[in-house]
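Colleague: Just dropping this structure here.
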Amino acid sequence: GRDVTQQRRSQDMLAAALDKERTAVERLRALDEAKTEFVSTVSHELRTPITSIVGFTEMLQDGSVVEPLPEQLRLLETIARNGERLIALCNDLLMLSGLDSDDVTWRSEEVDLAACLGLVEDSVQPLLAGRDLTVTFETPTGPLHVLGDRPQLERVMVNLVSNAMKFTEDGGVVRARLSQEGDEAVLSVTDTGLGIPLDEQEDLFKRFFRSSTAHTEAIQGTGLGLAIVAAIVEAHGGRIRVRSAHLEGATFTVRLPLLHSGGPSRPVGDPGH
Ligand code: ADP
């Protein structure tokens, strides 16, 4: 009789301990959800007035209201540029909170990555203004199809190429290359820039992470870009890797499963387990 009572008592204690732990986990989860919701609401609320500031600034810039003096024009440009940075930050935060709450609607269509890279080549041209960089793009002659969300995949490419340009000093080279390896599409972006110290590379895809080089060289950014890139690649069933050494450039490689490669094609955003 005594043994049974003893056994029941320890079972009760174990159950109570488990209950307590479960409550703690639930509380943390609720807090985490509240944080995501908060970030999302604040980003939304900030974006609307900033958009209006940028809009009115552009009206002043184009001279339709009054003809601005050169000095005023310079100030207006600064306001517009910073406003746009804030909008981009809000959009990134919205994307990340969307990912956290599984609230991103992914498109699933046939996307030709070769065509995308062509568009990316055009869209990064403005970043070359006033810089002495060699930027080259290599695409296969034919199309390279994946199942995915075209704007998001373009965002991956733009982000990697513009990072490479941003972290490479004048005189340097950036090479974006798309190819097929087996049943995968491979995009690699190589630069001859500042590189990333080895001990910082594992944190590279974490939110808000910026390497010590980015800080010391006073290069602007939020540290959200690569976290978003990694999430997009993952949602497409792909992988991203970096190879780099401090001050010796960096290579980012993205691998995505090709469409019609015989493998299972699952909808974007579905991790498959
Ligand atoms: P941001 O560029 O806004 O700082 P990212 O998330 O795009 O944010 O990048 C995070 C950090 O990774 C950067 O601050 C930089 O330290 C490092 N990084 C990214 N791309 C490169 C690159 N091509 N060369 C060197 N460092 C890079």
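Every chain in the structure tokens has a letter given in the order shown (A, B, ...), and although residue numbers restart at 1 in each chain, ligands are simply numbered from 1 in the order shown.
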How would you report the residues lying within 7 Å of ligand 1, as a ChimeraX atom specification, if you count only C-alpha atoms and all ligand atoms?
Modeller: /A:159-160,163-164,167-168,191,193-196,204-205,207-214,220-227,249-250
Colleague: Got a sec to tell me which of region 6-180 of chain A DSSP assigns to alpha helix (DSSP H), as a PyMOL selection string?
Modeller: chain A and resi 6-61+70-100+113-123+150-166
Colleague: Give me the residues within 10 Å of His44 (chain A) as a VMD selection string, counting only C-alpha atoms and dropping any in the same chain fewer than 5 places off.
Modeller: chain A and resid 38 to 39 49 87 90 to 91 93 to 94
Colleague: For a test of reading the model, state the distance in Å between CA of Leu86 (chain A) and CA of Ser40 (chain A), rounded to one decimal.
Modeller: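 Between CA of Leu86 (chain A) and CA of Ser40 (chain A) the gap works out to 14.4 Å.
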Colleague: Could you pull the residues within 10 Å of Thr36 (chain A), counting only C-alpha atoms, minus those fewer than 4 positions along the same chain, as a PDB file with all heavy atoms, in the first residue's frame?
Modeller:
ATOM      1  N   ALA A  30       2.666  33.482 -25.987  1.00  0.00           N
ATOM      2  CA  ALA A  30       1.726  34.604 -26.059  1.00  0.00           C
ATOM      3  C   ALA A  30       2.482  35.930 -26.134  1.00  0.00           C
ATOM      4  O   ALA A  30       2.127  36.825 -26.907  1.00  0.00           O
ATOM      5  CB  ALA A  30       0.792  34.585 -24.850  1.00  0.00           C
ATOM      6  N   LEU A  31       3.550  36.029 -25.326  1.00  0.00           N
ATOM      7  CA  LEU A  31       4.371  37.245 -25.348  1.00  0.00           C
ATOM      8  C   LEU A  31       4.990  37.463 -26.725  1.00  0.00           C
ATOM      9  O   LEU A  31       5.022  38.571 -27.248  1.00  0.00           O
ATOM     10  CB  LEU A  31       5.504  37.118 -24.329  1.00  0.00           C
ATOM     11  CG  LEU A  31       5.248  37.676 -22.939  1.00  0.00           C
ATOM     12  CD1 LEU A  31       6.431  37.355 -22.035  1.00  0.00           C
ATOM     13  CD2 LEU A  31       5.044  39.184 -23.014  1.00  0.00           C
ATOM     14  N   ASP A  32       5.472  36.353 -27.300  1.00  0.00           N
ATOM     15  CA  ASP A  32       6.113  36.417 -28.603  1.00  0.00           C
ATOM     16  C   ASP A  32       5.117  36.876 -29.663  1.00  0.00           C
ATOM     17  O   ASP A  32       5.431  37.700 -30.520  1.00  0.00           O
ATOM     18  CB  ASP A  32       6.674  35.036 -28.941  1.00  0.00           C
ATOM     19  CG  ASP A  32       7.650  35.113 -30.097  1.00  0.00           C
ATOM     20  OD1 ASP A  32       8.525  36.003 -30.050  1.00  0.00           O
ATOM     21  OD2 ASP A  32       7.521  34.313 -31.029  1.00  0.00           O
ATOM     22  N   SER A  40       4.231  44.681 -36.066  1.00  0.00           N
ATOM     23  CA  SER A  40       3.464  44.801 -37.292  1.00  0.00           C
ATOM     24  C   SER A  40       2.570  46.047 -37.272  1.00  0.00           C
ATOM     25  O   SER A  40       2.530  46.815 -38.231  1.00  0.00           O
ATOM     26  CB  SER A  40       2.647  43.517 -37.473  1.00  0.00           C
ATOM     27  OG  SER A  40       1.594  43.733 -38.332  1.00  0.00           O
ATOM     28  N   THR A  41       1.879  46.270 -36.148  1.00  0.00           N
ATOM     29  CA  THR A  41       0.992  47.437 -36.049  1.00  0.00           C
ATOM     30  C   THR A  41       1.785  48.735 -36.142  1.00  0.00           C
ATOM     31  O   THR A  41       1.428  49.646 -36.894  1.00  0.00           O
ATOM     32  CB  THR A  41       0.234  47.423 -34.699  1.00  0.00           C
ATOM     33  OG1 THR A  41      -0.342  46.128 -34.531  1.00  0.00           O
ATOM     34  CG2 THR A  41      -0.856  48.464 -34.668  1.00  0.00           C
ATOM     35  N   LEU A  93      10.205  45.124 -41.707  1.00  0.00           N
ATOM     36  CA  LEU A  93       9.653  44.678 -40.418  1.00  0.00           C
ATOM     37  C   LEU A  93       8.304  43.997 -40.619  1.00  0.00           C
ATOM     38  O   LEU A  93       7.997  42.994 -39.965  1.00  0.00           O
ATOM     39  CB  LEU A  93       9.518  45.863 -39.455  1.00  0.00           C
ATOM     40  CG  LEU A  93      10.843  46.407 -38.916  1.00  0.00           C
ATOM     41  CD1 LEU A  93      10.626  47.714 -38.171  1.00  0.00           C
ATOM     42  CD2 LEU A  93      11.520  45.375 -37.998  1.00  0.00           C
ATOM     43  N   LEU A  94       7.497  44.532 -41.557  1.00  0.00           N
ATOM     44  CA  LEU A  94       6.208  43.909 -41.844  1.00  0.00           C
ATOM     45  C   LEU A  94       6.394  42.512 -42.423  1.00  0.00           C
ATOM     46  O   LEU A  94       5.673  41.576 -42.069  1.00  0.00           O
ATOM     47  CB  LEU A  94       5.405  44.770 -42.822  1.00  0.00           C
ATOM     48  CG  LEU A  94       4.668  45.953 -42.194  1.00  0.00           C
ATOM     49  CD1 LEU A  94       4.149  46.897 -43.272  1.00  0.00           C
ATOM     50  CD2 LEU A  94       3.527  45.453 -41.321  1.00  0.00           C
ATOM     51  N   LEU A  96       8.952  40.517 -41.912  1.00  0.00           N
ATOM     52  CA  LEU A  96       9.430  39.605 -40.870  1.00  0.00           C
ATOM     53  C   LEU A  96       8.308  39.228 -39.903  1.00  0.00           C
ATOM     54  O   LEU A  96       8.209  38.069 -39.498  1.00  0.00           O
ATOM     55  CB  LEU A  96      10.611  40.232 -40.113  1.00  0.00           C
ATOM     56  CG  LEU A  96      11.917  40.254 -40.913  1.00  0.00           C
ATOM     57  CD1 LEU A  96      12.958  41.124 -40.244  1.00  0.00           C
ATOM     58  CD2 LEU A  96      12.454  38.834 -41.095  1.00  0.00           C
ATOM     59  N   SER A  97       7.441  40.199 -39.556  1.00  0.00           N
ATOM     60  CA  SER A  97       6.356  39.801 -38.652  1.00  0.00           C
ATOM     61  C   SER A  97       5.361  38.909 -39.386  1.00  0.00           C
ATOM     62  O   SER A  97       4.765  38.018 -38.781  1.00  0.00           O
ATOM     63  CB  SER A  97       5.679  41.004 -37.972  1.00  0.00           C
ATOM     64  OG  SER A  97       5.475  42.049 -38.854  1.00  0.00           O
ATOM     65  N   GLY A  98       5.226  39.134 -40.696  1.00  0.00           N
ATOM     66  CA  GLY A  98       4.386  38.229 -41.499  1.00  0.00           C
ATOM     67  C   GLY A  98       4.940  36.813 -41.470  1.00  0.00           C
ATOM     68  O   GLY A  98       4.198  35.836 -41.323  1.00  0.00           O
ATOM     69  N   LEU A  99       6.262  36.698 -41.593  1.00  0.00           N
ATOM     70  CA  LEU A  99       6.890  35.371 -41.562  1.00  0.00           C
ATOM     71  C   LEU A  99       6.686  34.715 -40.194  1.00  0.00           C
ATOM     72  O   LEU A  99       6.398  33.524 -40.096  1.00  0.00           O
ATOM     73  CB  LEU A  99       8.386  35.489 -41.860  1.00  0.00           C
ATOM     74  CG  LEU A  99       8.762  35.789 -43.311  1.00  0.00           C
ATOM     75  CD1 LEU A  99      10.212  36.250 -43.407  1.00  0.00           C
ATOM     76  CD2 LEU A  99       8.545  34.566 -44.180  1.00  0.00           C
ATOM     77  N   ASP A 100       6.819  35.523 -39.131  1.00  0.00           N
ATOM     78  CA  ASP A 100       6.675  34.990 -37.778  1.00  0.00           C
ATOM     79  C   ASP A 100       5.276  34.464 -37.511  1.00  0.00           C
ATOM     80  O   ASP A 100       5.091  33.490 -36.794  1.00  0.00           O
ATOM     81  CB  ASP A 100       6.976  36.082 -36.739  1.00  0.00           C
ATOM     82  CG  ASP A 100       8.465  36.331 -36.627  1.00  0.00           C
ATOM     83  OD1 ASP A 100       9.229  35.487 -37.146  1.00  0.00           O
ATOM     84  OD2 ASP A 100       8.862  37.344 -36.040  1.00  0.00           O
ATOM     85  N   SER A 101       4.273  35.154 -38.059  1.00  0.00           N
ATOM     86  CA  SER A 101       2.905  34.734 -37.769  1.00  0.00           C
ATOM     87  C   SER A 101       2.333  33.901 -38.917  1.00  0.00           C
ATOM     88  O   SER A 101       1.125  33.732 -39.012  1.00  0.00           O
ATOM     89  CB  SER A 101       2.029  35.951 -37.481  1.00  0.00           C
ATOM     90  OG  SER A 101       2.186  36.905 -38.516  1.00  0.00           O
TER      91      SER A 101
END
Colleague: Between CA of Thr141 (chain A) and CA of Gly118 (chain A), what distance in Å does the model show, to one decimal?
Modeller: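 Computed distance, CA of Thr141 (chain A) to CA of Gly118 (chain A), equals 11.7 Å.
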Colleague: One decimal, in Å: what's the spacing between CA of Val124 (chain A) and CA of Lys166 (chain A)?
Modeller: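 Atom-to-atom, CA of Val124 (chain A) and CA of Lys166 (chain A) are spaced 11.1 Å apart.
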Colleague: Select, from A:Glu109, A:Asp12, A:Glu37, A:Asp3, the residue with the minimum atom-to-atom distance to Gln152 (chain A), counting only C-alpha atoms.
Modeller: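 Closest to Gln152 (chain A), using only C-alpha atoms: A:Glu109.
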Colleague: A:Ala176, A:Leu128, A:Val186, A:Val111: which is nearest Pro151 (chain A), counting only C-alpha atoms?
Modeller: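 Result for the nearest residue to Pro151 (chain A): A:Val111.
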Colleague: Counting only C-alpha atoms, which residue out of A:Gly238, A:Thr78, A:Gln6, A:Val146 sits closest to Cys116 (chain A)?
Modeller: A:Val146
